[in-house]
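Q: Dropping in data_1.txt, which is compact mmCIF, C-alpha atoms:
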# COMPACT_ATOMS: atom_id res chain seq x y z
CA MET C 110 123.46 126.57 86.88
CA ARG C 111 122.62 130.21 87.62
CA SER C 112 124.61 131.27 84.55
CA LEU C 113 122.66 128.82 82.42
CA PHE C 114 119.33 130.27 83.59
CA ARG C 115 120.54 133.79 82.88
CA PHE C 116 121.62 132.72 79.38
CA LEU C 117 118.22 131.11 78.71
CA LEU C 118 116.31 134.16 79.95
CA ARG C 119 118.50 136.53 77.96
CA ASN C 120 118.07 134.55 74.72
CA TYR C 121 114.51 133.37 75.31
CA PHE C 122 113.00 135.15 72.30
CA VAL C 123 115.77 134.01 69.92
CA MET C 124 115.42 130.39 70.99
CA MET C 125 111.62 130.53 70.73
CA PHE C 126 111.98 131.98 67.23
CA LEU C 127 114.28 129.13 66.17
CA VAL C 128 111.91 126.50 67.61
CA LEU C 129 108.92 128.01 65.77
CA GLU C 130 110.94 128.18 62.56
CA ALA C 131 111.83 124.50 62.88
CA ILE C 132 108.18 123.56 63.49
CA SER C 133 107.05 125.64 60.49
CA PHE C 134 109.66 124.05 58.25
CA SER C 135 108.63 120.58 59.42
CA LEU C 136 104.96 121.28 58.64
CA ILE C 137 105.78 122.65 55.19
CA VAL C 138 107.84 119.57 54.30
CA SER C 139 105.37 117.04 55.71
CA LEU C 140 102.18 118.59 54.27
CA ASN C 141 103.36 119.56 50.78
CA ASN C 142 104.45 116.90 48.30
CA TYR C 143 106.73 119.12 46.19
CA GLN C 144 108.61 120.48 49.20
CA ARG C 145 108.87 116.99 50.70
CA VAL C 146 110.41 115.56 47.53
CA ALA C 147 112.80 118.51 47.21
CA PHE C 148 113.88 118.13 50.84
CA VAL C 149 114.46 114.38 50.50
CA ASN C 150 116.54 114.84 47.35
CA SER C 151 118.60 117.64 48.94
CA SER C 152 119.20 115.70 52.14
CA ASN C 153 120.20 112.64 50.11
CA ASP C 154 122.87 114.72 48.39
CA ILE C 155 124.22 116.21 51.62
CA VAL C 156 124.21 112.96 53.59
CA GLY C 157 125.53 111.04 50.59
CA THR C 158 128.50 113.39 50.26
CA LEU C 159 129.37 112.98 53.95
CA TYR C 160 129.07 109.19 53.77
CA GLU C 161 131.27 109.11 50.67
CA ARG C 162 134.02 111.11 52.40
CA PHE C 163 134.05 108.74 55.38
CA SER C 164 133.96 105.77 53.03
CA HIS C 165 137.26 106.84 51.42
CA PHE C 166 139.08 106.36 54.73
CA ASP C 167 137.60 102.89 55.25
CA ASP C 168 138.53 101.88 51.70
CA TYR C 169 142.20 102.55 52.33
CA PHE C 170 142.33 100.06 55.21
CA SER C 171 140.44 97.33 53.31
CA LEU C 172 142.33 97.39 50.00
CA SER C 173 143.80 93.88 50.35
CA ARG C 174 140.41 92.33 51.09
CA THR C 175 138.77 94.22 48.23
CA ASN C 176 141.49 93.18 45.76
CA ALA C 177 141.11 89.53 46.76
CA ARG C 178 137.34 89.70 46.23
CA LEU C 179 137.73 91.39 42.83
CA ALA C 180 140.27 88.78 41.74
CA ALA C 181 137.87 85.97 42.67
CA GLU C 182 135.02 87.70 40.85
CA ASN C 183 137.16 88.19 37.72
CA ALA C 184 138.07 84.50 37.74
CA SER C 185 134.39 83.57 37.95
CA LEU C 186 133.49 85.92 35.10
CA HIS C 187 136.27 84.49 32.92
CA LYS C 188 134.86 80.99 33.46
CA GLN C 189 131.36 82.15 32.54
CA LEU C 190 132.67 83.90 29.42
CA GLU C 191 134.60 80.81 28.36
CA PHE C 192 131.51 78.63 28.85
CA ARG C 193 129.37 81.01 26.78
CA ILE C 194 131.94 81.17 23.97
CA ARG C 195 132.09 77.34 23.80
CA ASN C 196 128.31 77.11 23.65
CA GLN C 197 128.12 79.79 20.98
CA GLU C 198 130.66 77.89 18.85
CA LYS C 199 128.73 74.67 19.37
CA TYR C 200 125.29 76.17 18.76
CA PRO C 201 125.81 79.25 16.56
CA ILE C 202 123.01 81.78 16.15
CA ASN C 203 122.68 82.78 12.49
CA ARG C 204 120.14 85.54 12.82
CA PRO C 205 119.48 88.20 15.45
CA ASP C 206 116.29 87.89 17.46
CA THR C 207 114.92 90.85 19.41
CA VAL C 208 113.29 88.44 21.83
CA ASP C 209 116.77 87.35 22.92
CA ALA C 210 117.93 90.94 23.54
CA PRO C 211 119.12 91.36 27.12
CA ALA C 212 116.31 92.40 29.47
CA TYR C 213 118.68 93.36 32.29
CA TYR C 214 121.56 95.82 32.49
CA PHE C 215 123.89 96.29 35.43
CA THR C 216 125.45 99.48 36.81
CA SER C 217 128.32 99.17 39.26
CA ALA C 218 128.15 101.25 42.42
CA LYS C 219 129.95 101.68 45.72
CA VAL C 220 128.27 101.28 49.10
CA ILE C 221 128.88 104.46 51.11
CA SER C 222 126.57 103.65 54.03
CA ASN C 223 125.16 100.37 55.31
CA SER C 224 123.49 99.34 58.56
CA VAL C 225 123.03 95.80 59.89
CA ASN C 226 121.99 96.17 63.54
CA LYS C 227 118.52 97.70 63.18
CA GLN C 228 115.12 96.19 62.41
CA PHE C 229 114.86 98.34 59.27
CA ASN C 230 118.29 98.56 57.64
CA TYR C 231 119.18 100.66 54.60
CA ILE C 232 122.03 101.03 52.14
CA SER C 233 123.33 104.15 50.37
CA LEU C 234 125.15 104.12 47.04
CA ASN C 235 127.34 106.63 45.21
CA LYS C 236 125.23 106.52 42.04
CA GLY C 237 121.96 108.34 41.32
CA SER C 238 119.58 109.49 38.61
CA ARG C 239 122.42 110.95 36.52
CA GLN C 240 123.74 107.41 36.17
CA GLY C 241 120.29 106.02 35.29
CA ILE C 242 119.38 104.75 38.77
CA LYS C 243 115.64 104.73 39.59
CA PRO C 244 113.43 103.47 42.42
CA ASP C 245 112.40 99.79 42.26
CA MET C 246 115.74 98.67 40.83
CA GLY C 247 117.37 95.65 42.44
CA VAL C 248 120.81 95.70 44.08
CA ILE C 249 123.08 92.65 44.01
CA SER C 250 126.70 91.87 44.86
CA ALA C 251 129.13 89.26 43.60
CA ASP C 252 127.76 86.99 46.33
CA GLY C 253 124.02 87.51 45.97
CA VAL C 254 120.98 89.73 46.56
CA VAL C 255 121.52 92.94 48.53
CA GLY C 256 118.31 95.00 48.38
CA VAL C 257 116.03 97.33 46.39
CA ILE C 258 116.42 101.04 45.54
CA THR C 259 113.73 103.29 47.06
CA ASN C 260 114.96 106.91 46.83
CA VAL C 261 117.21 108.63 44.32
CA SER C 262 118.91 112.02 44.04
CA PRO C 263 121.08 113.18 41.12
CA ASN C 264 124.29 111.63 42.51
CA TYR C 265 123.20 109.19 45.23
CA SER C 266 120.58 106.57 45.97
CA THR C 267 119.27 104.77 49.02
CA GLY C 268 117.36 101.54 49.35
CA LEU C 269 115.96 98.82 51.54
CA SER C 270 118.59 96.29 52.52
CA LEU C 271 117.67 92.60 52.48
CA LEU C 272 118.13 93.03 56.25
CA ASN C 273 114.92 95.07 56.42
CA LYS C 274 111.68 93.55 57.67
CA ARG C 275 109.69 95.63 55.14
CA LEU C 276 111.34 93.86 52.19
CA SER C 277 110.10 90.55 50.75
CA ILE C 278 111.98 88.83 47.91
CA PRO C 279 110.32 86.23 45.64
CA ALA C 280 112.62 83.21 46.04
CA LYS C 281 112.74 79.53 45.17
CA ILE C 282 114.62 76.37 46.06
CA ASN C 283 116.87 75.88 43.07
CA LYS C 284 116.73 72.08 42.83
CA ASN C 285 112.93 71.78 42.57
CA ASN C 286 111.76 75.32 41.64
CA TYR C 287 109.26 75.53 44.51
CA PHE C 288 108.90 79.21 45.31
CA GLY C 289 107.93 81.36 48.27
CA ALA C 290 108.80 84.66 49.92
CA LEU C 291 112.10 85.39 51.63
CA VAL C 292 111.94 87.87 54.53
CA TRP C 293 114.54 88.86 57.09
CA ASP C 294 114.07 87.30 60.53
CA GLY C 295 115.10 90.53 62.26
CA GLU C 296 117.63 88.69 64.41
CA HIS C 297 120.93 88.01 62.65
CA ALA C 298 122.73 89.74 59.77
CA ASN C 299 123.38 86.41 58.02
CA THR C 300 120.00 84.62 58.14
CA ALA C 301 116.48 85.08 56.77
CA ASP C 302 113.26 83.03 56.58
CA LEU C 303 111.85 81.35 53.48
CA LYS C 304 108.05 81.23 53.74
CA GLU C 305 105.23 79.39 51.96
CA ILE C 306 107.11 76.20 51.01
CA PRO C 307 104.68 73.24 51.45
CA PHE C 308 105.81 70.55 53.89
CA HIS C 309 105.39 67.65 51.42
CA ILE C 310 108.35 68.95 49.36
CA ILE C 311 111.71 67.28 49.98
CA VAL C 312 114.03 69.84 51.54
CA ASN C 313 117.63 69.32 52.64
CA VAL C 314 120.14 71.38 54.58
CA GLY C 315 122.49 73.00 52.09
CA ASP C 316 119.92 73.38 49.29
CA THR C 317 120.48 76.55 47.28
CA VAL C 318 117.92 79.37 47.41
CA VAL C 319 117.82 81.83 44.48
CA THR C 320 115.52 84.54 43.10
CA SER C 321 112.44 83.04 41.46
CA GLY C 322 112.12 85.54 38.61
CA TYR C 323 108.49 86.23 39.63
CA SER C 324 109.33 89.90 39.97
CA SER C 325 110.26 92.72 37.63
CA ILE C 326 113.13 93.69 39.96
CA PHE C 327 115.51 90.69 39.97
CA PRO C 328 116.40 88.22 37.20
CA GLU C 329 115.80 84.56 37.90
CA GLY C 330 118.59 82.59 39.51
CA ILE C 331 120.41 85.28 41.51
CA MET C 332 121.99 83.68 44.58
CA ILE C 333 120.34 84.39 47.95
CA GLY C 334 121.73 81.71 50.23
CA THR C 335 121.50 78.09 51.38
CA ILE C 336 119.11 76.30 53.70
CA LYS C 337 120.58 76.25 57.21
CA ASN C 338 117.81 74.35 59.01
CA PHE C 339 114.06 73.73 58.81
CA ASP C 340 111.09 72.30 60.71
CA VAL C 341 107.30 72.04 60.50
CA GLU C 342 105.02 73.43 63.17
CA SER C 343 102.07 71.25 64.13
CA GLY C 344 98.83 72.38 62.52
CA THR C 345 100.49 74.06 59.54
CA ASN C 346 101.13 72.96 55.97
CA PHE C 347 104.37 74.87 55.44
CA TYR C 348 108.00 74.61 56.48
CA ASN C 349 109.79 77.05 58.71
CA ILE C 350 112.99 77.37 56.68
CA LYS C 351 116.03 79.28 57.90
CA VAL C 352 118.30 80.48 55.07
CA GLU C 353 121.94 81.42 55.55
CA LEU C 354 122.49 84.45 53.33
CA SER C 355 125.31 84.35 50.81
CA THR C 356 125.98 88.11 51.03
CA ASN C 357 128.11 89.30 53.93
CA PHE C 358 126.47 92.63 54.74
CA ARG C 359 129.13 93.51 57.31
CA THR C 360 131.86 93.72 54.63
CA LEU C 361 129.75 94.94 51.71
CA LYS C 362 131.64 97.42 49.54
CA TYR C 363 130.75 97.14 45.85
CA VAL C 364 127.42 96.25 44.27
CA GLU C 365 125.56 96.29 40.97
CA VAL C 366 122.20 97.96 40.38
CA VAL C 367 119.92 95.87 38.18
CA LYS C 368 117.90 97.63 35.49
CA ASN C 369 115.04 95.68 33.91
CA THR C 370 114.50 97.29 30.51
CA LYS C 371 110.98 95.80 30.32
CA GLN C 372 109.89 96.72 33.84
CA ASP C 373 107.68 99.67 32.86
CA GLU C 374 105.91 97.62 30.20
CA LEU C 375 105.23 94.83 32.69
CA LYS C 376 103.92 97.25 35.32
CA ARG C 377 101.52 98.83 32.83
CA LEU C 378 100.23 95.40 31.84
CA GLU C 379 99.85 94.22 35.45
CA SER C 380 98.02 97.45 36.41
CA ASN C 381 95.18 96.37 34.11
CA ASN C 382 94.58 93.38 36.37
CA VAL C 383 93.78 95.52 39.40
CA GLY C 384 90.18 94.98 40.45
CA GLU C 385 89.63 92.00 38.17
Spell out the structure here as C-alpha cells.
A:
Amino acid sequence: MRSLFRFLLRNYFVMMFLVLEAISFSLIVSLNNYQRVAFVNSSNDIVGTLYERFSHFDDYFSLSRTNARLAAENASLHKQLEFRIRNQEKYPINRPDTVDAPAYYFTSAKVISNSVNKQFNYISLNKGSRQGIKPDMGVISADGVVGVITNVSPNYSTGLSLLNKRLSIPAKINKNNYFGALVWDGEHANTADLKEIPFHIIVNVGDTVVTSGYSSIFPEGIMIGTIKNFDVESGTNFYNIKVELSTNFRTLKYVEVVKNTKQDELKRLESNNVGE
C-alpha cells in the first residue's frame, strides 16, 4: 500500500494531465457535431474490426449449424422461384411496367456482434456505407425481422435489435390484416408484445404476425412471429397479445439489409404533412 501511495505521488502530475486530456476530449466530442460524427464513425470501424476477428473463431465451431440453415433457406428459395416461374408462364406479362419495378433490394451481411440480455440490445454487421448501407434500413433474417440500422461507417454498421425497447415495428395479424405496433417486452429474447389490436377481433393462439407495410423500412408480409397467448384487461378496448418471435437472436449469424428504393421520395412527401 505504501508503494502504491509513493507511485501516485510521484506520477501525480502525469495522471492529472491524462485525466484533463480525457475530459477535454469528451467535451469536444459531445459539444461539436462534426467531431462527434467523426468519433462515432472511427469507433465503429475499430470496434467492428475487433468484433469481426472474434466472430471468425465462433464461425468455425458453428459450421454444421450454419450449413443446415443455408440448405433449408436454399430449398425455400427454390420453391418460391418455381412458384413464380409457373405463375409467369400462366399469366405472362407482355410489356414492362415501371410501376412493377422492385421497390426493395437486399444486401447480405454477417452479424459480428449481437446482444440479447440487455434492455436496449444492438446488432453490428460487417457491411457499411461502401456497400450501400444507410441508416433507417431494415434488417431481416431467413426467419423474420431482426432490427433497423442506425449508424454506419465505411465498412460496418450498427442498429437497434428487435430486442430493444426503443424500437417499434408496424405489424399486423396476417389472417385478418388488423394492424398495431410490435414492441419488445424487455423480458425474454423470444417474445414481444403486439399493441393496439381491438378486443372485438377474433384472435387465436398460433396466428401469424407479419410486417404491415405501413412503413418505408420493411416490405409487407415479412415474418415476425406467432401469437403465443393473449388476454383483455378490464376497462380497456385492446388485447394484450404476446408474440413468440420467429427469429432466434441467440444463434443469429447471417442477415439481409433491406433497401427501399422509394424511401427518400416517401419521406419527402410525408414531411409536407407535418403541422397540417
Q: Excluding Thr259 in chain C and its own-chain neighbours fewer than 5 positions away, which residues fall within 7 Å of it when counting all atoms listed in the file? Please give them as a CSV table (one decimal) with C-alpha atoms, in the coordinates of the input.
A:
chain,number,residue,atom,x,y,z
C,244,PRO,CA,113.4,103.5,42.4
C,245,ASP,CA,112.4,99.8,42.3
C,267,THR,CA,119.3,104.8,49.0
C,268,GLY,CA,117.4,101.5,49.4
C,269,LEU,CA,116.0,98.8,51.5
Q: Restricting the calculation to all atoms listed in the file, which member of C:Ile333, C:Val341, C:Ala298, C:Ile132 is positioned closest to Asn357 in chain C?
A: C:Ala298
Q: Around range 333-345 of chain C, fit a box with edges along x, y and z, padding it by 6 Å on each side, then list its centre and edge lengths in Å to one decimal as lines of an AutoDock Vina configuration file.
A:
center_x = 110.3
center_y = 77.8
center_z = 56.0
size_x = 34.9
size_y = 25.1
size_z = 28.2
